[in-house]
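Colleague: Input: one structure, supplied below.
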Amino acid sequence: MIHFEKYQGTGNDFIMLDNGSGEYDNITVHTIQYLCHRRFGIGADGLIWVKPLEEGPFEMRYFNADGTRSFCGNGARCAVKFAKSLGLFHEMAVFHAIDGIHEAVIDGSVVHLKMKDVSEIARDGEDYVVHTGSPHYIRFVPSIDTVDIVDLGKEIRYNDSYRSEGINVNTVEICDDSIKLLTYERGVEDETLSCGTGATAAALATIFRTSKNGAFSMPVHLKGGDLEISGVHEKGLFHSLYLSGPAEKVFDGTITL
């Protein structure tokens, strides 16, 4: 029997497991796929376990719904809330993830997550490729309302360039001082209501293409809610990056395998 908690961050939903005893260290791909299945299991975009470490407050390990691993911004924000409920930190969270060490603070319902610096934004024709813990393909469009993100996402994600490693596909509509975003996520292989690493990548690509330098703060509107990306851009280097948005517990329960 597995005890779990369910969290969501702007519509990205995650199964949370307390791995303090280490019992989920070797959780199988089959189990992850079953638990994340929306018909036969609990249902989620991904599964996360957290456990304390001697050299830091805790480790967060994220699995996509298909069992593959990556970094997940919204998942990390939810993991911070979950870790707080387990008493794994007091004021600032410092935790290990697949892409290294992250910091985060909680302000009410909002979690401010520090992201890794980004020093390279690549081009693929007229589009952009940005790695923000997970790789993202960014295409700017006049209106996201005219885009079938699942069809487009599959077309790009499974082309010869990205088939082997996979890539998340995002379409971005620029508004006055904000952007709107749609995301097709690898590992889920479908549209998700939100994507934290995608929102970060889209904001950075927007600023990069307009050659704006200095401090910035950009609201990102997604189907599941709003996120905010802030940081500093200095001649191609993005640093002091934060992904901010709500993270909430939905329910908890038990399931027997």
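Residues in the structure tokens are numbered from 1 in each chain, the chains being A, B, ... in the order shown, and ligands are numbered from 1 in the order shown.
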Given only C-alpha atoms, how would the per-residue table for segment 87-122 of chain A near segment 40-57 of chain A read, listing every residue at most 8 Å away with its closest atom pair and distance in Å to one decimal, sorted by chain and number, as CSV?
Modeller:
```
residue,atom,partner,partner_atom,distance
A:Leu88,CA,A:Pro57,CA,5.8
A:Phe89,CA,A:Pro57,CA,6.1
A:Ala93,CA,A:Pro57,CA,7.1
A:Val94,CA,A:Pro57,CA,6.1
A:Phe95,CA,A:Pro57,CA,6.1
A:His96,CA,A:Gly56,CA,7.9
```
Colleague: Give me, as JSON lines, each residue of segment 116-174 of chain A that comes within 7 Å of segment 223-239 of chain A, together with its shortest interatomic pair and the distance in Å at one decimal, counting only C-alpha atoms, with rows ordered by chain and rising residue number.
Modeller:
```
{"residue": "A:Asp117", "atom": "CA", "partner": "A:His239", "partner_atom": "CA", "distance": 4.7}
{"residue": "A:Val118", "atom": "CA", "partner": "A:Phe238", "partner_atom": "CA", "distance": 5.1}
{"residue": "A:Ser119", "atom": "CA", "partner": "A:Leu237", "partner_atom": "CA", "distance": 4.5}
```
Colleague: Got time to write the residues from that selection, C-alpha atoms, as a PDB file, in the first residue's frame?
Modeller:
```pdb
ATOM      1  CA  ASP A 117      21.538  30.376 -15.115  1.00  0.00           C
ATOM      2  CA  VAL A 118      21.066  30.175 -18.873  1.00  0.00           C
ATOM      3  CA  SER A 119      23.934  31.235 -21.125  1.00  0.00           C
TER       4      SER A 119
END
```
Colleague: Using only C-alpha atoms, which residues sit within 12 Å of Asp18 of chain A once same-chain residues fewer than 5 positions away are excluded, as a ChimeraX atom specification?
Modeller: /A:2-6,23-25,47-52,58-61,79,82-88,252
Colleague: Fewer than 4 positions away in the same chain doesn't count, so skip those; otherwise give me all residues within 6 Å of Ile167 of chain A, counting only C-alpha atoms, as a list in words.
Modeller: Pro135, His136, Arg157 and Arg186 of chain A
Colleague: Take the selection from the previous step and output its residues with all heavy atoms, as a PDB file, in the first residue's frame.
Modeller:
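Produced file out.pdb, reproduced below:
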```
ATOM      1  N   PRO A 135      14.770  20.591 -21.994  1.00  0.00           N
ATOM      2  CA  PRO A 135      14.883  21.288 -23.274  1.00  0.00           C
ATOM      3  C   PRO A 135      13.532  21.743 -23.806  1.00  0.00           C
ATOM      4  O   PRO A 135      12.550  20.989 -23.751  1.00  0.00           O
ATOM      5  CB  PRO A 135      15.510  20.229 -24.184  1.00  0.00           C
ATOM      6  CG  PRO A 135      15.029  18.930 -23.620  1.00  0.00           C
ATOM      7  CD  PRO A 135      14.956  19.128 -22.126  1.00  0.00           C
ATOM      8  N   HIS A 136      13.498  22.960 -24.328  1.00  0.00           N
ATOM      9  CA  HIS A 136      12.249  23.520 -24.852  1.00  0.00           C
ATOM     10  C   HIS A 136      12.442  24.120 -26.228  1.00  0.00           C
ATOM     11  O   HIS A 136      13.392  24.876 -26.465  1.00  0.00           O
ATOM     12  CB  HIS A 136      11.694  24.586 -23.899  1.00  0.00           C
ATOM     13  CG  HIS A 136      11.088  24.017 -22.665  1.00  0.00           C
ATOM     14  ND1 HIS A 136       9.767  23.637 -22.595  1.00  0.00           N
ATOM     15  CD2 HIS A 136      11.622  23.724 -21.461  1.00  0.00           C
ATOM     16  CE1 HIS A 136       9.516  23.153 -21.394  1.00  0.00           C
ATOM     17  NE2 HIS A 136      10.627  23.185 -20.690  1.00  0.00           N
ATOM     18  N   ARG A 157       8.493  17.168 -31.853  1.00  0.00           N
ATOM     19  CA  ARG A 157       9.122  16.273 -30.871  1.00  0.00           C
ATOM     20  C   ARG A 157       9.616  14.978 -31.517  1.00  0.00           C
ATOM     21  O   ARG A 157      10.622  14.397 -31.109  1.00  0.00           O
ATOM     22  CB  ARG A 157       8.109  15.968 -29.757  1.00  0.00           C
ATOM     23  CG  ARG A 157       8.671  15.117 -28.598  1.00  0.00           C
ATOM     24  CD  ARG A 157       8.191  13.685 -28.735  1.00  0.00           C
ATOM     25  NE  ARG A 157       8.520  12.884 -27.570  1.00  0.00           N
ATOM     26  CZ  ARG A 157       9.631  12.168 -27.424  1.00  0.00           C
ATOM     27  NH1 ARG A 157      10.544  12.163 -28.388  1.00  0.00           N
ATOM     28  NH2 ARG A 157       9.835  11.436 -26.343  1.00  0.00           N
ATOM     29  N   ARG A 186       7.129  16.413 -23.496  1.00  0.00           N
ATOM     30  CA  ARG A 186       7.683  15.067 -23.664  1.00  0.00           C
ATOM     31  C   ARG A 186       7.523  14.330 -22.335  1.00  0.00           C
ATOM     32  O   ARG A 186       7.507  14.934 -21.266  1.00  0.00           O
ATOM     33  CB  ARG A 186       9.164  15.124 -24.056  1.00  0.00           C
ATOM     34  CG  ARG A 186      10.050  15.668 -22.955  1.00  0.00           C
ATOM     35  CD  ARG A 186      11.526  15.490 -23.254  1.00  0.00           C
ATOM     36  NE  ARG A 186      12.320  15.886 -22.082  1.00  0.00           N
ATOM     37  CZ  ARG A 186      13.620  15.742 -21.986  1.00  0.00           C
ATOM     38  NH1 ARG A 186      14.308  15.224 -22.982  1.00  0.00           N
ATOM     39  NH2 ARG A 186      14.256  16.125 -20.893  1.00  0.00           N
TER      40      ARG A 186
END
```
Colleague: Calculated over only C-alpha atoms, which of the candidates A:Ser178, A:Thr132, A:Thr171, A:Gln8 has the smallest distance to Ile149 of chain A?
Modeller: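 Smallest distance to Ile149 of chain A is found for A:Thr171.
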Colleague: DSSP on the backbone, helix (DSSP H, G or I) only: what residues of segment 63-148 of chain A does that give? Format it as a PyMOL selection string.
Modeller: chain A and resi 73-85+144-146
